[in-house]
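Colleague: To start, I am sharing the structure in question, which I have written as structure tokens.
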Amino acid sequence: MKLLVCVSKTPDTTTKIVFNASKTELDANGVQYIMNPYDEWYALVRALELKEALGGTVTLINVGPADNDQVIRKGLAIGADDAVRIDLNPQSALSVAFQIAEYARQENYDIILLGKETIDYNGSEIGAMIAEYLDQPFISYASKLDTSDGKTASIQRDIEGGMEELEVDTPFVVSAAKGLAEQRIPNMKGIMMAKSKSLKVVAPAAFEDKAVTVQYTLPPAKSAVKMIAPDNMEELVKLLHEEAKVI
């Protein structure tokens, strides 16, 4: 099987969010970056499991600048065969999806896998956009993916209030949710081998971005907790109505 795994670089979950002076991007000073956990723990590892069972190759793809190479190398250390970085500092999910789709169109991958969302934007957009550009089926929030022949896959995915079971023919795009696989930690052999694996840098395809960030703003700071006596229901109702505005 020929498998493509989309990986992204995200700030660590403990990052304190600070924007630059113009409030158009995250201030990266002192920020520790990691591979997006949904891409790493679930999409990449399930792709490796499929390769181990059926044979084939696992390629990583990332859209971003050279600073992303360290994160990509971690994916190679975990077990991916090679990687591609599209040399672009993307401004939107749409531009990322377009670049991935344009590259994938030439390579004829059986399955394109990615995490259900990134932990910074939580948009859950890119998988569907890639599938639309490639005119392929898209299955989101997959918690189980099995195939015995590499041509047809059975998938379970989370839906509101339950689980849905699907069957789909390759090629298709799938986003990975918790449960699709179990995290793998790169060992010393994998880390050393990653240094010699191919990481190809390609120029981006021409694209006019239709979504441009104007400004980021932080949510209002949380107010202090107000303690209301249990027998003072009138005060509680007043605060819920006038301050919290929930009734």
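Identifiers in this document derive from the order of the structure tokens: chains are assigned A, B, ..., residues are numbered from 1 separately in each chain, and ligands are numbered from 1 in order of occurrence.
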Give one line per residue of range 136-221 of chain A that approaches range 60-72 of chain A to at most 9 Å, naming the two atoms of the closest pair and their distance in Å to one decimal, counting only C-alpha atoms; sort by chain then ascending residue number and deliver it as CSV.

Modeller:
residue,atom,partner,partner_atom,distance
A:Leu199,CA,A:Asp69,CA,8.3
A:Val201,CA,A:Ala66,CA,8.9
A:Pro204,CA,A:Val63,CA,8.7

Colleague: Can you pull out every residue within 12 Å of Lys144 in chain A, counting only C-alpha atoms, but drop anything in the same chain fewer than 6 positions away, and send it as a PyMOL selection string?

Modeller: chain A and resi 42-43+46-47+50+153-158+163-167+174-182

Colleague: Keeping only C-alpha atoms, take the residues you just selected and write them out as an mmCIF file, in the first residue's frame.

Modeller:
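What follows is the written file again-v5.cif:
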data_model
loop_
_atom_site.group_PDB
_atom_site.id
_atom_site.type_symbol
_atom_site.label_atom_id
_atom_site.label_comp_id
_atom_site.auth_asym_id
_atom_site.auth_seq_id
_atom_site.Cartn_x
_atom_site.Cartn_y
_atom_site.Cartn_z
ATOM 1 C CA TYR A 42 -3.054 7.858 15.632
ATOM 2 C CA ALA A 43 -2.698 8.673 11.917
ATOM 3 C CA ARG A 46 -2.020 3.287 12.081
ATOM 4 C CA ALA A 47 -0.348 3.859 8.716
ATOM 5 C CA LEU A 50 -1.044 -1.166 7.814
ATOM 6 C CA ALA A 153 -11.409 -0.743 4.199
ATOM 7 C CA SER A 154 -13.869 -1.113 7.047
ATOM 8 C CA ILE A 155 -13.959 1.919 9.325
ATOM 9 C CA GLN A 156 -15.625 2.796 12.598
ATOM 10 C CA ARG A 157 -16.043 6.447 13.396
ATOM 11 C CA ASP A 158 -17.402 8.430 16.280
ATOM 12 C CA MET A 163 -20.541 4.727 16.523
ATOM 13 C CA GLU A 164 -20.936 4.392 12.760
ATOM 14 C CA GLU A 165 -19.532 1.505 10.705
ATOM 15 C CA LEU A 166 -18.542 2.181 7.097
ATOM 16 C CA GLU A 167 -16.935 0.430 4.164
ATOM 17 C CA VAL A 174 -9.419 9.638 6.636
ATOM 18 C CA SER A 175 -8.956 11.678 9.799
ATOM 19 C CA ALA A 176 -7.829 9.829 12.920
ATOM 20 C CA ALA A 177 -9.462 10.056 16.335
ATOM 21 C CA LYS A 178 -8.359 8.604 19.652
ATOM 22 C CA GLY A 179 -8.396 4.800 19.576
ATOM 23 C CA LEU A 180 -7.235 4.318 15.976
ATOM 24 C CA ALA A 181 -3.780 3.271 17.210
ATOM 25 C CA GLU A 182 -1.499 3.486 20.235
#

Colleague: From the list A:Gly123, A:Gly79, A:Gly115, A:Gly55, which residue is nearest Lys189 in chain A when using only C-alpha atoms?

Modeller: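 Ranked by minimum distance to Lys189 in chain A, first place goes to A:Gly79.
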
Colleague: Determine the nearest neighbour of Thr217 in chain A from the options A:Asp12, A:Glu132, A:Asp39, A:Glu25, counting only C-alpha atoms.

Modeller: A:Glu25

Colleague: List the neighbours of Asn36 in chain A out to 9 Å using only C-alpha atoms; skip same-chain residues closer than 5 positions along the sequence, and give me the result as an mmCIF file with all heavy atoms, in the first residue's frame.

Modeller:
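And here is the file that came out, selection-v4.cif:
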data_model
loop_
_atom_site.group_PDB
_atom_site.id
_atom_site.type_symbol
_atom_site.label_atom_id
_atom_site.label_comp_id
_atom_site.auth_asym_id
_atom_site.auth_seq_id
_atom_site.Cartn_x
_atom_site.Cartn_y
_atom_site.Cartn_z
ATOM 1 N N VAL A 7 1.288 15.632 8.518
ATOM 2 C CA VAL A 7 1.696 15.991 9.875
ATOM 3 C C VAL A 7 1.874 17.501 9.976
ATOM 4 O O VAL A 7 2.256 18.159 9.012
ATOM 5 C CB VAL A 7 2.995 15.275 10.297
ATOM 6 C CG1 VAL A 7 2.790 13.767 10.321
ATOM 7 C CG2 VAL A 7 4.152 15.631 9.383
ATOM 8 N N SER A 8 1.582 18.018 11.146
ATOM 9 C CA SER A 8 1.715 19.454 11.356
ATOM 10 C C SER A 8 2.467 19.723 12.651
ATOM 11 O O SER A 8 2.513 18.882 13.550
ATOM 12 C CB SER A 8 0.335 20.125 11.393
ATOM 13 O OG SER A 8 -0.484 19.507 12.360
ATOM 14 N N LYS A 9 3.049 20.913 12.730
ATOM 15 C CA LYS A 9 3.778 21.346 13.916
ATOM 16 C C LYS A 9 2.865 22.244 14.739
ATOM 17 O O LYS A 9 2.288 23.188 14.208
ATOM 18 C CB LYS A 9 5.048 22.105 13.510
ATOM 19 C CG LYS A 9 5.911 22.539 14.678
ATOM 20 C CD LYS A 9 7.156 23.273 14.204
ATOM 21 C CE LYS A 9 6.844 24.702 13.794
ATOM 22 N NZ LYS A 9 8.072 25.478 13.527
ATOM 23 N N THR A 10 2.738 21.941 16.024
ATOM 24 C CA THR A 10 1.857 22.731 16.879
ATOM 25 C C THR A 10 2.598 23.107 18.165
ATOM 26 O O THR A 10 3.524 22.419 18.583
ATOM 27 C CB THR A 10 0.591 21.940 17.266
ATOM 28 O OG1 THR A 10 0.983 20.735 17.963
ATOM 29 C CG2 THR A 10 -0.215 21.572 16.040
ATOM 30 N N PRO A 11 2.193 24.203 18.804
ATOM 31 C CA PRO A 11 2.782 24.528 20.100
ATOM 32 C C PRO A 11 2.430 23.467 21.134
ATOM 33 O O PRO A 11 1.356 22.870 21.080
ATOM 34 C CB PRO A 11 2.123 25.876 20.462
ATOM 35 C CG PRO A 11 1.604 26.413 19.170
ATOM 36 C CD PRO A 11 1.240 25.225 18.351
ATOM 37 N N ASP A 12 3.334 23.231 22.068
ATOM 38 C CA ASP A 12 3.047 22.331 23.177
ATOM 39 C C ASP A 12 1.806 22.820 23.924
ATOM 40 O O ASP A 12 1.517 24.022 23.968
ATOM 41 C CB ASP A 12 4.257 22.291 24.116
ATOM 42 C CG ASP A 12 4.081 21.302 25.248
ATOM 43 O OD1 ASP A 12 4.325 20.110 25.041
ATOM 44 O OD2 ASP A 12 3.684 21.750 26.339
ATOM 45 N N TRP A 41 0.213 10.184 17.048
ATOM 46 C CA TRP A 41 -0.174 9.005 17.828
ATOM 47 C C TRP A 41 -1.125 8.084 17.084
ATOM 48 O O TRP A 41 -1.089 6.866 17.281
ATOM 49 C CB TRP A 41 -0.837 9.437 19.133
ATOM 50 C CG TRP A 41 0.024 10.256 20.031
ATOM 51 C CD1 TRP A 41 1.363 10.537 19.878
ATOM 52 C CD2 TRP A 41 -0.377 10.924 21.228
ATOM 53 N NE1 TRP A 41 1.803 11.333 20.888
ATOM 54 C CE2 TRP A 41 0.769 11.587 21.745
ATOM 55 C CE3 TRP A 41 -1.586 11.034 21.907
ATOM 56 C CZ2 TRP A 41 0.720 12.339 22.912
ATOM 57 C CZ3 TRP A 41 -1.628 11.784 23.072
ATOM 58 C CH2 TRP A 41 -0.488 12.424 23.572
ATOM 59 N N GLY A 115 -4.568 13.592 11.444
ATOM 60 C CA GLY A 115 -5.303 13.684 12.687
ATOM 61 C C GLY A 115 -6.630 14.388 12.496
ATOM 62 O O GLY A 115 -6.810 15.176 11.572
ATOM 63 N N GLU A 117 -7.857 16.771 14.032
ATOM 64 C CA GLU A 117 -7.704 18.212 14.184
ATOM 65 C C GLU A 117 -6.316 18.487 14.724
ATOM 66 O O GLU A 117 -5.637 17.591 15.211
ATOM 67 C CB GLU A 117 -8.758 18.776 15.149
ATOM 68 C CG GLU A 117 -8.654 18.189 16.556
ATOM 69 C CD GLU A 117 -9.792 18.622 17.461
ATOM 70 O OE1 GLU A 117 -10.646 19.395 17.016
ATOM 71 O OE2 GLU A 117 -9.802 18.182 18.628
ATOM 72 N N THR A 118 -5.895 19.745 14.637
ATOM 73 C CA THR A 118 -4.677 20.151 15.314
ATOM 74 C C THR A 118 -5.057 20.706 16.677
ATOM 75 O O THR A 118 -6.175 21.197 16.871
ATOM 76 C CB THR A 118 -3.919 21.218 14.513
ATOM 77 O OG1 THR A 118 -4.789 22.330 14.257
ATOM 78 C CG2 THR A 118 -3.407 20.649 13.199
ATOM 79 N N ILE A 119 -4.124 20.638 17.626
ATOM 80 C CA ILE A 119 -4.456 21.058 18.980
ATOM 81 C C ILE A 119 -4.337 22.567 19.174
ATOM 82 O O ILE A 119 -4.642 23.063 20.263
ATOM 83 C CB ILE A 119 -3.588 20.329 20.019
ATOM 84 C CG1 ILE A 119 -2.097 20.635 19.810
ATOM 85 C CG2 ILE A 119 -3.853 18.830 19.975
ATOM 86 C CD1 ILE A 119 -1.205 20.122 20.917
ATOM 87 N N ASP A 120 -3.910 23.297 18.122
ATOM 88 C CA ASP A 120 -3.872 24.755 18.254
ATOM 89 C C ASP A 120 -5.144 25.392 17.701
ATOM 90 O O ASP A 120 -5.839 26.136 18.378
ATOM 91 C CB ASP A 120 -2.613 25.339 17.613
ATOM 92 C CG ASP A 120 -2.325 24.795 16.221
ATOM 93 O OD1 ASP A 120 -3.151 24.023 15.685
ATOM 94 O OD2 ASP A 120 -1.272 25.136 15.665
#

Colleague: What's the separation between CA of Gln215 in chain A and CA of Ala128 in chain A, in Å to one decimal place?

Modeller: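 Spanning CA of Gln215 in chain A to CA of Ala128 in chain A is a straight-line distance of 25.1 Å.
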
Colleague: Name the residues in contact with range 99-101 of chain A at a cut-off of 12 Å, using only C-alpha atoms, excluding same-chain residues fewer than 6 positions from it; report them as a compact mmCIF listing (two decimals) with N, CA, C and O atoms, in the first residue's frame.

Modeller:
# COMPACT_ATOMS: atom_id res chain seq x y z
N LEU A 4 0.02 8.05 2.67
CA LEU A 4 0.49 9.40 2.91
C LEU A 4 -0.08 9.89 4.24
O LEU A 4 -1.29 9.83 4.46
N VAL A 5 0.79 10.38 5.11
CA VAL A 5 0.36 10.88 6.42
C VAL A 5 0.69 12.37 6.50
O VAL A 5 1.86 12.76 6.38
N CYS A 6 -0.33 13.17 6.73
CA CYS A 6 -0.15 14.61 6.85
C CYS A 6 0.19 14.94 8.30
O CYS A 6 -0.55 14.55 9.21
N VAL A 7 1.29 15.63 8.52
CA VAL A 7 1.70 15.99 9.87
C VAL A 7 1.87 17.50 9.98
O VAL A 7 2.26 18.16 9.01
N SER A 8 1.58 18.02 11.15
CA SER A 8 1.72 19.45 11.36
C SER A 8 2.47 19.72 12.65
O SER A 8 2.51 18.88 13.55
N LEU A 60 5.51 10.90 4.88
CA LEU A 60 5.00 12.05 5.62
C LEU A 60 4.94 13.26 4.71
O LEU A 60 5.79 13.42 3.83
N ILE A 61 3.98 14.13 4.93
CA ILE A 61 3.94 15.39 4.19
C ILE A 61 3.60 16.51 5.16
O ILE A 61 2.76 16.36 6.05
N ASN A 62 4.30 17.63 4.98
CA ASN A 62 4.10 18.80 5.83
C ASN A 62 4.19 20.04 4.95
O ASN A 62 4.98 20.08 4.01
N VAL A 63 3.35 21.01 5.25
CA VAL A 63 3.43 22.30 4.57
C VAL A 63 3.97 23.30 5.57
O VAL A 63 3.33 23.59 6.59
N GLY A 64 5.17 23.81 5.31
CA GLY A 64 5.75 24.73 6.27
C GLY A 64 7.19 25.07 5.94
O GLY A 64 7.78 24.55 5.00
N VAL A 84 8.09 14.57 2.74
CA VAL A 84 8.06 15.69 1.81
C VAL A 84 7.64 16.93 2.60
O VAL A 84 6.70 16.89 3.38
N ARG A 85 8.38 18.01 2.41
CA ARG A 85 7.96 19.29 2.99
C ARG A 85 7.73 20.28 1.86
O ARG A 85 8.63 20.54 1.06
N ILE A 86 6.53 20.79 1.79
CA ILE A 86 6.21 21.83 0.80
C ILE A 86 6.61 23.16 1.41
O ILE A 86 6.11 23.56 2.45
N ASP A 87 7.55 23.83 0.78
CA ASP A 87 8.24 24.99 1.35
C ASP A 87 7.37 26.24 1.28
O ASP A 87 7.52 27.08 0.39
N LEU A 88 6.46 26.35 2.22
CA LEU A 88 5.52 27.47 2.24
C LEU A 88 5.12 27.73 3.68
O LEU A 88 4.90 26.80 4.45
N ASN A 89 5.02 28.99 4.06
CA ASN A 89 4.48 29.35 5.36
C ASN A 89 3.00 29.62 5.17
O ASN A 89 2.60 30.71 4.79
N PRO A 90 2.15 28.63 5.41
CA PRO A 90 0.74 28.74 5.02
C PRO A 90 -0.01 29.74 5.90
O PRO A 90 0.26 29.88 7.09
N GLN A 91 -1.00 30.39 5.29
CA GLN A 91 -1.80 31.37 6.01
C GLN A 91 -3.19 30.85 6.36
O GLN A 91 -3.93 31.52 7.08
N SER A 92 -3.56 29.70 5.85
CA SER A 92 -4.90 29.19 6.11
C SER A 92 -4.94 27.68 5.92
O SER A 92 -4.06 27.09 5.29
N ALA A 93 -5.99 27.06 6.47
CA ALA A 93 -6.20 25.63 6.27
C ALA A 93 -6.41 25.32 4.79
O ALA A 93 -5.98 24.27 4.29
N GLU A 107 0.98 11.42 -7.09
CA GLU A 107 1.61 10.22 -6.53
C GLU A 107 0.66 9.03 -6.38
O GLU A 107 1.10 7.91 -6.10
N ASN A 108 -0.63 9.24 -6.50
CA ASN A 108 -1.61 8.15 -6.45
C ASN A 108 -1.53 7.31 -5.17
O ASN A 108 -1.31 6.09 -5.21
N TYR A 109 -1.74 7.96 -4.04
CA TYR A 109 -1.72 7.25 -2.76
C TYR A 109 -3.03 6.48 -2.56
O TYR A 109 -4.09 6.93 -2.98
N ILE A 112 -4.85 8.57 2.38
CA ILE A 112 -4.24 9.76 2.99
C ILE A 112 -4.81 9.86 4.40
O ILE A 112 -6.02 9.93 4.59
N LEU A 113 -3.91 9.87 5.39
CA LEU A 113 -4.33 9.91 6.79
C LEU A 113 -3.85 11.21 7.44
O LEU A 113 -2.76 11.71 7.12
N LEU A 114 -4.64 11.72 8.36
CA LEU A 114 -4.24 12.87 9.16
C LEU A 114 -5.03 12.86 10.45
O LEU A 114 -6.04 12.15 10.56
N ILE A 126 -8.97 20.38 7.30
CA ILE A 126 -8.06 20.08 6.20
C ILE A 126 -8.38 18.76 5.52
O ILE A 126 -8.30 18.65 4.29
N GLY A 127 -8.75 17.73 6.27
CA GLY A 127 -9.05 16.44 5.66
C GLY A 127 -10.15 16.53 4.63
O GLY A 127 -10.03 16.01 3.51
N ALA A 128 -11.24 17.20 4.99
CA ALA A 128 -12.36 17.34 4.05
C ALA A 128 -11.95 18.15 2.83
O ALA A 128 -12.37 17.85 1.71
N MET A 129 -11.13 19.16 3.04
CA MET A 129 -10.69 19.99 1.91
C MET A 129 -9.80 19.21 0.95
O MET A 129 -9.94 19.32 -0.27
N ILE A 130 -8.89 18.40 1.50
CA ILE A 130 -8.04 17.56 0.64
C ILE A 130 -8.89 16.63 -0.20
O ILE A 130 -8.70 16.48 -1.41
N ALA A 131 -9.85 15.97 0.46
CA ALA A 131 -10.72 15.03 -0.24
C ALA A 131 -11.51 15.73 -1.34
O ALA A 131 -11.70 15.18 -2.44
N GLU A 132 -11.98 16.94 -1.08
CA GLU A 132 -12.73 17.69 -2.08
C GLU A 132 -11.86 18.03 -3.27
O GLU A 132 -12.27 17.87 -4.43
N TYR A 133 -10.64 18.49 -3.02
CA TYR A 133 -9.73 18.81 -4.13
C TYR A 133 -9.41 17.57 -4.97
O TYR A 133 -9.26 17.66 -6.19
N LEU A 134 -9.31 16.40 -4.32
CA LEU A 134 -8.96 15.18 -5.04
C LEU A 134 -10.18 14.40 -5.53
O LEU A 134 -10.02 13.39 -6.21
N ASP A 135 -11.38 14.87 -5.15
CA ASP A 135 -12.62 14.17 -5.50
C ASP A 135 -12.58 12.73 -4.99
O ASP A 135 -12.86 11.78 -5.71
N GLN A 136 -12.24 12.58 -3.70
CA GLN A 136 -12.18 11.28 -3.06
C GLN A 136 -13.12 11.25 -1.86
O GLN A 136 -13.46 12.29 -1.30
N PHE A 172 -8.93 6.99 -0.57
CA PHE A 172 -9.78 7.84 0.25
C PHE A 172 -8.93 8.60 1.25
O PHE A 172 -7.73 8.33 1.43
N VAL A 173 -9.55 9.57 1.91
CA VAL A 173 -8.91 10.39 2.94
C VAL A 173 -9.61 10.10 4.26
O VAL A 173 -10.83 10.00 4.30
N VAL A 202 9.92 20.60 -1.66
CA VAL A 202 9.39 20.97 -2.97
C VAL A 202 8.77 22.36 -2.91
O VAL A 202 8.32 22.82 -1.86
N ALA A 203 8.77 23.02 -4.04
CA ALA A 203 8.19 24.36 -4.12
C ALA A 203 6.67 24.27 -4.11
O ALA A 203 6.10 23.29 -4.62
N PRO A 204 6.00 25.25 -3.54
CA PRO A 204 4.54 25.21 -3.50
C PRO A 204 3.93 25.47 -4.87
O PRO A 204 4.52 26.14 -5.72
N ALA A 205 2.74 24.93 -5.08
CA ALA A 205 1.99 25.23 -6.30
C ALA A 205 1.37 26.62 -6.17
O ALA A 205 1.10 27.11 -5.08
N ALA A 206 1.17 27.27 -7.30
CA ALA A 206 0.57 28.61 -7.30
C ALA A 206 -0.84 28.54 -6.73
O ALA A 206 -1.63 27.67 -7.09
N PHE A 207 -1.13 29.44 -5.81
CA PHE A 207 -2.43 29.42 -5.14
C PHE A 207 -2.75 30.81 -4.61
O PHE A 207 -1.92 31.45 -3.98
N GLU A 208 -3.96 31.27 -4.88
CA GLU A 208 -4.42 32.54 -4.35
C GLU A 208 -5.25 32.25 -3.10
O GLU A 208 -6.36 31.72 -3.18
N ASP A 209 -4.69 32.57 -1.94
CA ASP A 209 -5.37 32.26 -0.68
C ASP A 209 -6.61 33.13 -0.52
O ASP A 209 -6.56 34.35 -0.66

Colleague: Figure out the distance between CA of Glu102 in chain A and CA of Lys197 in chain A, please, to one decimal in Å.

Modeller: 23.0 Å

Colleague: Calculate how many Å separate CA of Ser223 in chain A from CA of Ile247 in chain A, rounding to one decimal.

Modeller: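 CA of Ser223 in chain A sits 18.5 Å away from CA of Ile247 in chain A.
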
Colleague: List the neighbours of Gly30 in chain A out to 12 Å using only C-alpha atoms; skip same-chain residues closer than 6 positions along the sequence, and give me the result as a VMD selection string.

Modeller: chain A and resid 11 to 12 14 to 18

Colleague: Determine which residues of range 119-186 of chain A receive a DSSP assignment of strand (DSSP E or B), computed from the backbone, and state them as a PyMOL selection string.

Modeller: chain A and resi 138-146+152-159+162-169+172-176

Colleague: Mind writing the picked residues with N, CA and C atoms as a JSON list (two decimals), in the first residue's frame?

Modeller:
[["chain", "number", "residue", "atom", "x", "y", "z"],
["A", 138, "PHE", "N", -14.22, 11.01, 1.98],
["A", 138, "PHE", "CA", -13.59, 11.45, 3.22],
["A", 138, "PHE", "C", -14.35, 10.88, 4.41],
["A", 139, "ILE", "N", -13.62, 10.24, 5.32],
["A", 139, "ILE", "CA", -14.21, 9.71, 6.54],
["A", 139, "ILE", "C", -13.53, 10.40, 7.71],
["A", 140, "SER", "N", -14.31, 11.05, 8.55],
["A", 140, "SER", "CA", -13.75, 11.81, 9.66],
["A", 140, "SER", "C", -13.88, 11.04, 10.97],
["A", 141, "TYR", "N", -13.03, 11.38, 11.92],
["A", 141, "TYR", "CA", -13.10, 10.88, 13.29],
["A", 141, "TYR", "C", -13.07, 9.35, 13.36],
["A", 142, "ALA", "N", -12.20, 8.74, 12.57],
["A", 142, "ALA", "CA", -12.11, 7.28, 12.57],
["A", 142, "ALA", "C", -11.41, 6.77, 13.83],
["A", 143, "SER", "N", -12.03, 5.82, 14.51],
["A", 143, "SER", "CA", -11.43, 5.21, 15.69],
["A", 143, "SER", "C", -11.00, 3.77, 15.43],
["A", 144, "LYS", "N", -11.31, 3.26, 14.23],
["A", 144, "LYS", "CA", -10.87, 1.93, 13.84],
["A", 144, "LYS", "C", -10.81, 1.87, 12.32],
["A", 145, "LEU", "N", -9.73, 1.31, 11.78],
["A", 145, "LEU", "CA", -9.57, 1.18, 10.33],
["A", 145, "LEU", "C", -8.88, -0.13, 10.04],
["A", 146, "ASP", "N", -9.55, -1.00, 9.28],
["A", 146, "ASP", "CA", -8.99, -2.31, 8.94],
["A", 146, "ASP", "C", -9.16, -2.56, 7.44],
["A", 152, "THR", "N", -10.23, -2.38, -0.08],
["A", 152, "THR", "CA", -11.46, -1.99, 0.61],
["A", 152, "THR", "C", -11.18, -1.95, 2.11],
["A", 153, "ALA", "N", -11.65, -0.90, 2.76],
["A", 153, "ALA", "CA", -11.41, -0.74, 4.20],
["A", 153, "ALA", "C", -12.72, -0.67, 4.95],
["A", 154, "SER", "N", -12.74, -1.27, 6.14],
["A", 154, "SER", "CA", -13.87, -1.11, 7.05],
["A", 154, "SER", "C", -13.44, -0.14, 8.14],
["A", 155, "ILE", "N", -14.31, 0.82, 8.42],
["A", 155, "ILE", "CA", -13.96, 1.92, 9.33],
["A", 155, "ILE", "C", -15.08, 2.11, 10.34],
["A", 156, "GLN", "N", -14.69, 2.33, 11.58],
["A", 156, "GLN", "CA", -15.62, 2.80, 12.60],
["A", 156, "GLN", "C", -15.29, 4.25, 12.91],
["A", 157, "ARG", "N", -16.31, 5.06, 13.05],
["A", 157, "ARG", "CA", -16.04, 6.45, 13.40],
["A", 157, "ARG", "C", -17.04, 6.93, 14.44],
["A", 158, "ASP", "N", -16.57, 7.87, 15.22],
["A", 158, "ASP", "CA", -17.40, 8.43, 16.28],
["A", 158, "ASP", "C", -18.43, 9.39, 15.70],
["A", 159, "ILE", "N", -19.67, 9.23, 16.11],
["A", 159, "ILE", "CA", -20.72, 10.18, 15.77],
["A", 159, "ILE", "C", -21.44, 10.54, 17.07],
["A", 162, "GLY", "N", -23.04, 7.79, 19.43],
["A", 162, "GLY", "CA", -22.76, 6.41, 19.10],
["A", 162, "GLY", "C", -21.59, 6.23, 18.16],
["A", 163, "MET", "N", -21.61, 5.11, 17.43],
["A", 163, "MET", "CA", -20.54, 4.73, 16.52],
["A", 163, "MET", "C", -21.14, 4.34, 15.18],
["A", 164, "GLU", "N", -20.47, 4.72, 14.11],
["A", 164, "GLU", "CA", -20.94, 4.39, 12.76],
["A", 164, "GLU", "C", -19.92, 3.47, 12.10],
["A", 165, "GLU", "N", -20.40, 2.43, 11.41],
["A", 165, "GLU", "CA", -19.53, 1.50, 10.71],
["A", 165, "GLU", "C", -19.68, 1.73, 9.20],
["A", 166, "LEU", "N", -18.54, 1.86, 8.52],
["A", 166, "LEU", "CA", -18.54, 2.18, 7.10],
["A", 166, "LEU", "C", -17.62, 1.23, 6.34],
["A", 167, "GLU", "N", -17.84, 1.15, 5.05],
["A", 167, "GLU", "CA", -16.94, 0.43, 4.16],
["A", 167, "GLU", "C", -16.63, 1.33, 2.97],
["A", 168, "VAL", "N", -15.35, 1.44, 2.61],
["A", 168, "VAL", "CA", -14.96, 2.37, 1.55],
["A", 168, "VAL", "C", -13.83, 1.76, 0.74],
["A", 169, "ASP", "N", -13.87, 2.02, -0.56],
["A", 169, "ASP", "CA", -12.80, 1.57, -1.46],
["A", 169, "ASP", "C", -11.71, 2.63, -1.53],
["A", 172, "PHE", "N", -8.93, 6.99, -0.57],
["A", 172, "PHE", "CA", -9.78, 7.84, 0.25],
["A", 172, "PHE", "C", -8.93, 8.60, 1.25],
["A", 173, "VAL", "N", -9.55, 9.57, 1.91],
["A", 173, "VAL", "CA", -8.91, 10.39, 2.94],
["A", 173, "VAL", "C", -9.61, 10.10, 4.26],
["A", 174, "VAL", "N", -8.82, 9.95, 5.34],
["A", 174, "VAL", "CA", -9.42, 9.64, 6.64],
["A", 174, "VAL", "C", -8.73, 10.45, 7.73],
["A", 175, "SER", "N", -9.53, 10.98, 8.66],
["A", 175, "SER", "CA", -8.96, 11.68, 9.80],
["A", 175, "SER", "C", -9.06, 10.78, 11.03],
["A", 176, "ALA", "N", -7.98, 10.78, 11.83],
["A", 176, "ALA", "CA", -7.83, 9.83, 12.92],
["A", 176, "ALA", "C", -8.23, 10.42, 14.26]]

Colleague: Considering only C-alpha atoms, state which residue in the set A:Thr147, A:Asp81, A:Phe19, A:Thr24 is at the smallest distance from Thr57 in chain A.

Modeller: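 Selected residue with least distance to Thr57 in chain A: A:Asp81.
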
Colleague: Let me make sure I understand: among A:Ile78, A:Ile228, A:Ala194, A:Leu239, which one has the smallest atom-to-atom distance to Glu49 in chain A if we use only C-alpha atoms?

Modeller: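 For Glu49 in chain A, the nearest of the given residues is A:Ile78.
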
Colleague: List every residue of range 189-224 of chain A that DSSP, applied to the backbone of this structure, places in alpha helix (DSSP H), and write the result as number ranges by chain.

Modeller: A: 189-194
